[in-house]
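Enquirer: First the structure, which I've put down as structure tokens, then a few questions once you've had a look.
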Amino acid sequence: AQSVTQPDIHITVSEGASLELRCNYSYGATPYLFWYVQSPGQGLQLLLKYFSGDTLVQGIKGFEAEFKRSQSSFNLRKPSVHWSDAAEYFCAVGGGRGSTLGRLYFGRGTQLTVWP
Amino acid sequence: GAGVSQSPSNKVTEKGKDVELRCDPISGHTALYWYRQSLGQGLEFLIYFQGNSAPDKSGLPSDRFSAERTGGSVSTLTIQRTQQEDSAVYLCASSLGQGVNNEQFFGPGTRLTVL
């Protein structure tokens, strides 16, 4: 069965510190992987995605993520966190090469708090 | 605006009442999705429309939930005989085409509270 696990419900970091948000997935095919961010009162915004190729992908707002097939992981990283990064982050999986399915499977989210 | 819009932004209803939630996708987007976000939960897929194809209803939690998409554009999610466990934020997304390789753009959501 398809599933996404974000083991950290809440993470707190100081501004300027590095960040890593964990995501593990279970999926039958080679998946497409996504990270979304949801700021208070806002809809979800796509940060980055992985379909194939280079396993280190760059996204918006200085975020990057690395796909590790052997670990079924797609962790999100940022070298230096800004106060404006405080939000909820969702990892999602879906599709896969050749699939026409549109649905995404989401993790439960990680709430990020940034201390000044 | 150019984004996905949803209405109402907030809806408070009494248990047992029916509610309708509306989604206006981005113009030209043929795929439309409904998700539900309950407190402490991730987003749960509900239903997916793609063009004129039969919708994928596999995520609807019960027969009290239904959705339609008129003219390939606006969609309405209807919940009949609402229950307290239906309280959640209902998110709509649209994308240019079929398949998750097409980015899904999300609306701001409708917060439903069932008293």
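A note on labels: chains of the structure tokens are A, B, ... as shown, every chain counts residues from 1, and ligands are counted from 1 in their shown order.
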Taking the chain letters and numbering used in this document, name the residues of chain A that DSSP puts in strand (DSSP E or B), as a ChimeraX atom specification.

Expert: /A:3-5,10-14,19-21,24-26,32-38,44-50,56-58,64-68,73-78,87-94,104-106,110-115

Enquirer: List every residue of stretch 41-96 of chain A that DSSP, applied to the backbone of this structure, assigns to helix (DSSP H, G or I), and report them as an NGL selection string.

Expert: :A and (60-62 or 69-71 or 83-85)

Enquirer: Next, write the just-selected residues to a file, as a short mmCIF file (atom, residue, chain, number, x, y, z; two decimals), in the first residue's frame, keeping all heavy atoms as the atom set.

Expert:
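Result file follows (again_11.cif):
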```
data_model
loop_
_atom_site.label_atom_id
_atom_site.label_comp_id
_atom_site.auth_asym_id
_atom_site.auth_seq_id
_atom_site.Cartn_x
_atom_site.Cartn_y
_atom_site.Cartn_z
N ILE A 60 12.30 25.96 -4.69
CA ILE A 60 12.20 27.39 -4.42
C ILE A 60 12.60 27.69 -2.99
O ILE A 60 12.69 26.77 -2.15
CB ILE A 60 10.77 27.90 -4.70
CG1 ILE A 60 9.76 27.21 -3.77
CG2 ILE A 60 10.40 27.67 -6.16
CD1 ILE A 60 8.37 27.80 -3.83
N LYS A 61 12.85 28.95 -2.71
CA LYS A 61 13.14 29.43 -1.35
C LYS A 61 14.39 28.80 -0.75
O LYS A 61 14.53 28.74 0.47
CB LYS A 61 11.95 29.20 -0.42
CG LYS A 61 10.65 29.79 -0.92
CD LYS A 61 9.53 29.64 0.11
CE LYS A 61 8.25 30.25 -0.41
NZ LYS A 61 7.19 30.30 0.60
N GLY A 62 15.28 28.32 -1.58
CA GLY A 62 16.54 27.78 -1.09
C GLY A 62 16.48 26.35 -0.57
O GLY A 62 17.43 25.86 0.04
N ARG A 69 16.79 5.93 -2.97
CA ARG A 69 15.95 4.78 -3.25
C ARG A 69 16.16 3.67 -2.22
O ARG A 69 15.21 3.04 -1.78
CB ARG A 69 16.24 4.24 -4.66
CG ARG A 69 15.35 3.09 -5.08
CD ARG A 69 15.85 2.50 -6.38
NE ARG A 69 15.93 3.49 -7.43
CZ ARG A 69 14.91 3.86 -8.19
NH1 ARG A 69 13.74 3.31 -8.01
NH2 ARG A 69 15.08 4.77 -9.13
N SER A 70 17.41 3.45 -1.82
CA SER A 70 17.72 2.35 -0.90
C SER A 70 17.08 2.55 0.46
O SER A 70 16.83 1.59 1.19
CB SER A 70 19.24 2.22 -0.75
OG SER A 70 19.79 3.41 -0.19
N GLN A 71 16.83 3.80 0.81
CA GLN A 71 16.22 4.11 2.10
C GLN A 71 14.76 4.52 1.97
O GLN A 71 14.13 4.84 2.97
CB GLN A 71 17.02 5.23 2.78
CG GLN A 71 18.46 4.87 3.08
CD GLN A 71 19.24 6.02 3.68
OE1 GLN A 71 18.69 6.98 4.20
NE2 GLN A 71 20.57 5.94 3.62
N TRP A 83 13.22 33.19 9.36
CA TRP A 83 11.99 33.20 10.16
C TRP A 83 10.75 32.97 9.30
O TRP A 83 9.76 32.38 9.74
CB TRP A 83 11.85 34.52 10.93
CG TRP A 83 11.68 35.74 10.06
CD1 TRP A 83 12.66 36.57 9.61
CD2 TRP A 83 10.47 36.24 9.51
NE1 TRP A 83 12.14 37.54 8.83
CE2 TRP A 83 10.79 37.38 8.74
CE3 TRP A 83 9.13 35.84 9.58
CZ2 TRP A 83 9.82 38.12 8.06
CZ3 TRP A 83 8.16 36.58 8.91
CH2 TRP A 83 8.52 37.70 8.15
N SER A 84 10.81 33.43 8.05
CA SER A 84 9.65 33.27 7.16
C SER A 84 9.43 31.83 6.72
O SER A 84 8.41 31.53 6.08
CB SER A 84 9.82 34.17 5.93
OG SER A 84 10.98 33.79 5.21
N ASP A 85 10.36 30.93 7.05
CA ASP A 85 10.17 29.52 6.70
C ASP A 85 9.24 28.79 7.68
O ASP A 85 8.87 27.64 7.43
CB ASP A 85 11.52 28.80 6.67
CG ASP A 85 12.43 29.29 5.56
OD1 ASP A 85 11.91 29.63 4.48
OD2 ASP A 85 13.66 29.35 5.78
#
```

Enquirer: Between B:Val12, B:Ser73, B:Tyr35, B:Leu43, which residue has the minimum interatomic distance to B:Lys57, considering only C-alpha atoms?

Expert: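 For B:Lys57, the nearest of the given residues is B:Tyr35.
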
Enquirer: Kindly provide the residues of chain B that approach chain A to within 10 Å, each paired with its closest atom pair and their distance in Å to one decimal, based on only C-alpha atoms, listed by chain and increasing number, as CSV.

Expert:
```
residue,atom,partner,partner_atom,distance
B:Val4,CA,A:Gly43,CA,9.3
B:Ser5,CA,A:Gly43,CA,10.0
B:Ala31,CA,A:Gly102,CA,8.2
B:Leu32,CA,A:Gly102,CA,9.1
B:Tyr33,CA,A:Arg103,CA,7.7
B:Trp34,CA,A:Arg103,CA,9.5
B:Tyr35,CA,A:Leu104,CA,9.4
B:Gln37,CA,A:Arg108,CA,9.2
B:Ser38,CA,A:Arg108,CA,9.6
B:Leu39,CA,A:Arg108,CA,9.6
B:Gly40,CA,A:Arg108,CA,6.8
B:Gln41,CA,A:Arg108,CA,4.9
B:Gly42,CA,A:Arg108,CA,3.5
B:Leu43,CA,A:Phe106,CA,5.6
B:Glu44,CA,A:Phe106,CA,7.1
B:Phe45,CA,A:Arg103,CA,6.8
B:Leu46,CA,A:Arg103,CA,9.0
B:Ile47,CA,A:Arg103,CA,8.3
B:Tyr48,CA,A:Arg103,CA,7.0
B:Phe49,CA,A:Gly102,CA,8.9
B:Gln50,CA,A:Gly102,CA,8.6
B:Asp56,CA,A:Arg103,CA,8.9
B:Gly59,CA,A:Arg103,CA,9.5
B:Leu91,CA,A:Gly43,CA,8.0
B:Cys92,CA,A:Gly43,CA,9.3
B:Ala93,CA,A:Leu44,CA,9.2
B:Ser95,CA,A:Gly102,CA,9.2
B:Gly97,CA,A:Gly102,CA,8.8
B:Gln98,CA,A:Gly102,CA,6.0
B:Gly99,CA,A:Gly102,CA,4.3
B:Val100,CA,A:Gly102,CA,4.9
B:Asn101,CA,A:Gly95,CA,7.5
B:Asn102,CA,A:Gly102,CA,8.5
B:Glu103,CA,A:Leu46,CA,8.0
B:Gln104,CA,A:Leu46,CA,8.2
B:Phe105,CA,A:Gln45,CA,7.3
B:Phe106,CA,A:Gly43,CA,5.6
B:Gly107,CA,A:Gly43,CA,5.3
B:Pro108,CA,A:Gly43,CA,4.1
B:Gly109,CA,A:Gly43,CA,6.8
```

Enquirer: Save the residues we just selected, N, CA, C and O atoms, as a short mmCIF file (atom, residue, chain, number, x, y, z; two decimals), in the first residue's frame?

Expert:
```cif
data_model
loop_
_atom_site.label_atom_id
_atom_site.label_comp_id
_atom_site.auth_asym_id
_atom_site.auth_seq_id
_atom_site.Cartn_x
_atom_site.Cartn_y
_atom_site.Cartn_z
N VAL B 4 -6.59 28.99 -7.94
CA VAL B 4 -7.77 28.20 -7.60
C VAL B 4 -8.51 28.94 -6.48
O VAL B 4 -7.90 29.36 -5.50
N SER B 5 -9.80 29.08 -6.65
CA SER B 5 -10.57 29.73 -5.60
C SER B 5 -11.60 28.76 -5.04
O SER B 5 -12.09 27.87 -5.76
N ALA B 31 -7.77 18.86 -14.99
CA ALA B 31 -7.84 17.95 -13.85
C ALA B 31 -8.18 18.73 -12.58
O ALA B 31 -7.69 19.85 -12.38
N LEU B 32 -9.03 18.14 -11.76
CA LEU B 32 -9.45 18.79 -10.52
C LEU B 32 -9.51 17.75 -9.42
O LEU B 32 -10.00 16.63 -9.62
N TYR B 33 -9.01 18.11 -8.25
CA TYR B 33 -8.90 17.19 -7.12
C TYR B 33 -9.54 17.80 -5.88
O TYR B 33 -9.47 19.01 -5.66
N TRP B 34 -10.12 16.94 -5.06
CA TRP B 34 -10.55 17.34 -3.73
C TRP B 34 -9.77 16.51 -2.70
O TRP B 34 -9.64 15.28 -2.85
N TYR B 35 -9.27 17.21 -1.67
CA TYR B 35 -8.60 16.57 -0.55
C TYR B 35 -9.23 17.08 0.74
O TYR B 35 -9.82 18.16 0.78
N GLN B 37 -8.27 17.77 4.89
CA GLN B 37 -7.20 17.91 5.86
C GLN B 37 -7.81 18.02 7.23
O GLN B 37 -8.37 19.06 7.59
N SER B 38 -7.75 16.94 7.97
CA SER B 38 -8.28 16.93 9.32
C SER B 38 -7.17 17.28 10.30
O SER B 38 -5.99 17.12 10.00
N LEU B 39 -7.57 17.75 11.49
CA LEU B 39 -6.61 18.19 12.49
C LEU B 39 -5.63 17.08 12.79
O LEU B 39 -6.02 15.96 13.12
N GLY B 40 -4.34 17.39 12.65
CA GLY B 40 -3.31 16.41 12.96
C GLY B 40 -3.11 15.34 11.92
O GLY B 40 -2.28 14.44 12.11
N GLN B 41 -3.84 15.43 10.84
CA GLN B 41 -3.72 14.45 9.77
C GLN B 41 -3.14 15.11 8.53
O GLN B 41 -3.16 16.31 8.38
N GLY B 42 -2.64 14.30 7.66
CA GLY B 42 -2.18 14.82 6.38
C GLY B 42 -3.37 15.04 5.49
O GLY B 42 -4.52 14.97 5.91
N LEU B 43 -3.09 15.32 4.26
CA LEU B 43 -4.17 15.50 3.30
C LEU B 43 -4.64 14.14 2.82
O LEU B 43 -3.85 13.29 2.43
N GLU B 44 -5.93 13.99 2.83
CA GLU B 44 -6.56 12.74 2.43
C GLU B 44 -7.27 12.95 1.10
O GLU B 44 -8.12 13.84 0.98
N PHE B 45 -6.90 12.16 0.11
CA PHE B 45 -7.52 12.26 -1.20
C PHE B 45 -9.00 11.87 -1.13
O PHE B 45 -9.36 10.88 -0.49
N LEU B 46 -9.84 12.64 -1.81
CA LEU B 46 -11.27 12.33 -1.86
C LEU B 46 -11.70 11.90 -3.25
O LEU B 46 -12.23 10.81 -3.44
N ILE B 47 -11.48 12.77 -4.24
CA ILE B 47 -11.99 12.51 -5.58
C ILE B 47 -11.18 13.29 -6.60
O ILE B 47 -10.60 14.33 -6.28
N TYR B 48 -11.16 12.78 -7.83
CA TYR B 48 -10.33 13.33 -8.88
C TYR B 48 -11.13 13.31 -10.18
O TYR B 48 -11.68 12.28 -10.55
N PHE B 49 -11.20 14.47 -10.84
CA PHE B 49 -11.85 14.59 -12.14
C PHE B 49 -10.78 14.86 -13.19
O PHE B 49 -9.89 15.67 -12.99
N GLN B 50 -10.92 14.22 -14.33
CA GLN B 50 -10.02 14.48 -15.44
C GLN B 50 -10.85 14.55 -16.72
O GLN B 50 -11.35 13.53 -17.20
N ASP B 56 -12.44 9.54 -10.44
CA ASP B 56 -11.89 8.57 -9.48
C ASP B 56 -12.44 8.92 -8.11
O ASP B 56 -11.99 9.87 -7.48
N GLY B 59 -11.52 7.76 -2.98
CA GLY B 59 -11.21 8.32 -1.68
C GLY B 59 -12.39 8.82 -0.88
O GLY B 59 -12.24 9.20 0.28
N LEU B 91 -9.73 20.95 0.71
CA LEU B 91 -8.86 21.62 -0.26
C LEU B 91 -9.16 21.13 -1.66
O LEU B 91 -9.37 19.94 -1.89
N CYS B 92 -9.15 22.04 -2.57
CA CYS B 92 -9.32 21.74 -3.98
C CYS B 92 -8.02 22.09 -4.70
O CYS B 92 -7.32 23.04 -4.32
N ALA B 93 -7.68 21.30 -5.70
CA ALA B 93 -6.50 21.57 -6.51
C ALA B 93 -6.85 21.33 -7.97
O ALA B 93 -7.75 20.55 -8.28
N SER B 95 -4.91 20.93 -12.07
CA SER B 95 -3.68 20.81 -12.83
C SER B 95 -4.00 20.80 -14.32
O SER B 95 -5.14 20.53 -14.72
N GLY B 97 -3.20 18.77 -16.69
CA GLY B 97 -3.58 17.52 -17.30
C GLY B 97 -3.53 16.38 -16.33
O GLY B 97 -3.33 16.55 -15.12
N GLN B 98 -3.69 15.21 -16.90
CA GLN B 98 -3.75 13.99 -16.12
C GLN B 98 -2.36 13.59 -15.66
O GLN B 98 -1.38 13.84 -16.31
N GLY B 99 -2.28 12.96 -14.50
CA GLY B 99 -1.02 12.46 -14.00
C GLY B 99 -0.33 13.45 -13.09
O GLY B 99 -0.42 14.67 -13.26
N VAL B 100 0.38 12.93 -12.12
CA VAL B 100 0.99 13.80 -11.11
C VAL B 100 2.21 14.54 -11.65
O VAL B 100 2.76 15.39 -10.95
N ASN B 101 2.64 14.25 -12.86
CA ASN B 101 3.71 15.04 -13.42
C ASN B 101 3.25 16.45 -13.75
O ASN B 101 4.06 17.34 -14.00
N ASN B 102 1.93 16.64 -13.74
CA ASN B 102 1.37 17.98 -13.88
C ASN B 102 1.17 18.57 -12.50
O ASN B 102 0.42 18.03 -11.69
N GLU B 103 1.81 19.69 -12.23
CA GLU B 103 1.75 20.28 -10.90
C GLU B 103 0.32 20.59 -10.49
O GLU B 103 -0.45 21.16 -11.27
N GLN B 104 0.00 20.23 -9.27
CA GLN B 104 -1.31 20.55 -8.71
C GLN B 104 -1.22 21.88 -7.97
O GLN B 104 -0.36 22.06 -7.11
N PHE B 105 -2.11 22.78 -8.32
CA PHE B 105 -2.19 24.09 -7.67
C PHE B 105 -3.38 24.07 -6.72
O PHE B 105 -4.50 23.75 -7.12
N PHE B 106 -3.12 24.42 -5.49
CA PHE B 106 -4.13 24.30 -4.45
C PHE B 106 -4.82 25.63 -4.17
O PHE B 106 -4.20 26.69 -4.19
N GLY B 107 -6.10 25.52 -3.85
CA GLY B 107 -6.85 26.66 -3.35
C GLY B 107 -6.62 26.84 -1.86
O GLY B 107 -5.96 26.01 -1.23
N PRO B 108 -7.18 27.90 -1.28
CA PRO B 108 -6.96 28.18 0.14
C PRO B 108 -7.77 27.30 1.07
O PRO B 108 -7.52 27.29 2.28
N GLY B 109 -8.75 26.59 0.53
CA GLY B 109 -9.51 25.66 1.36
C GLY B 109 -10.79 26.25 1.92
O GLY B 109 -10.97 27.47 1.99
#
```
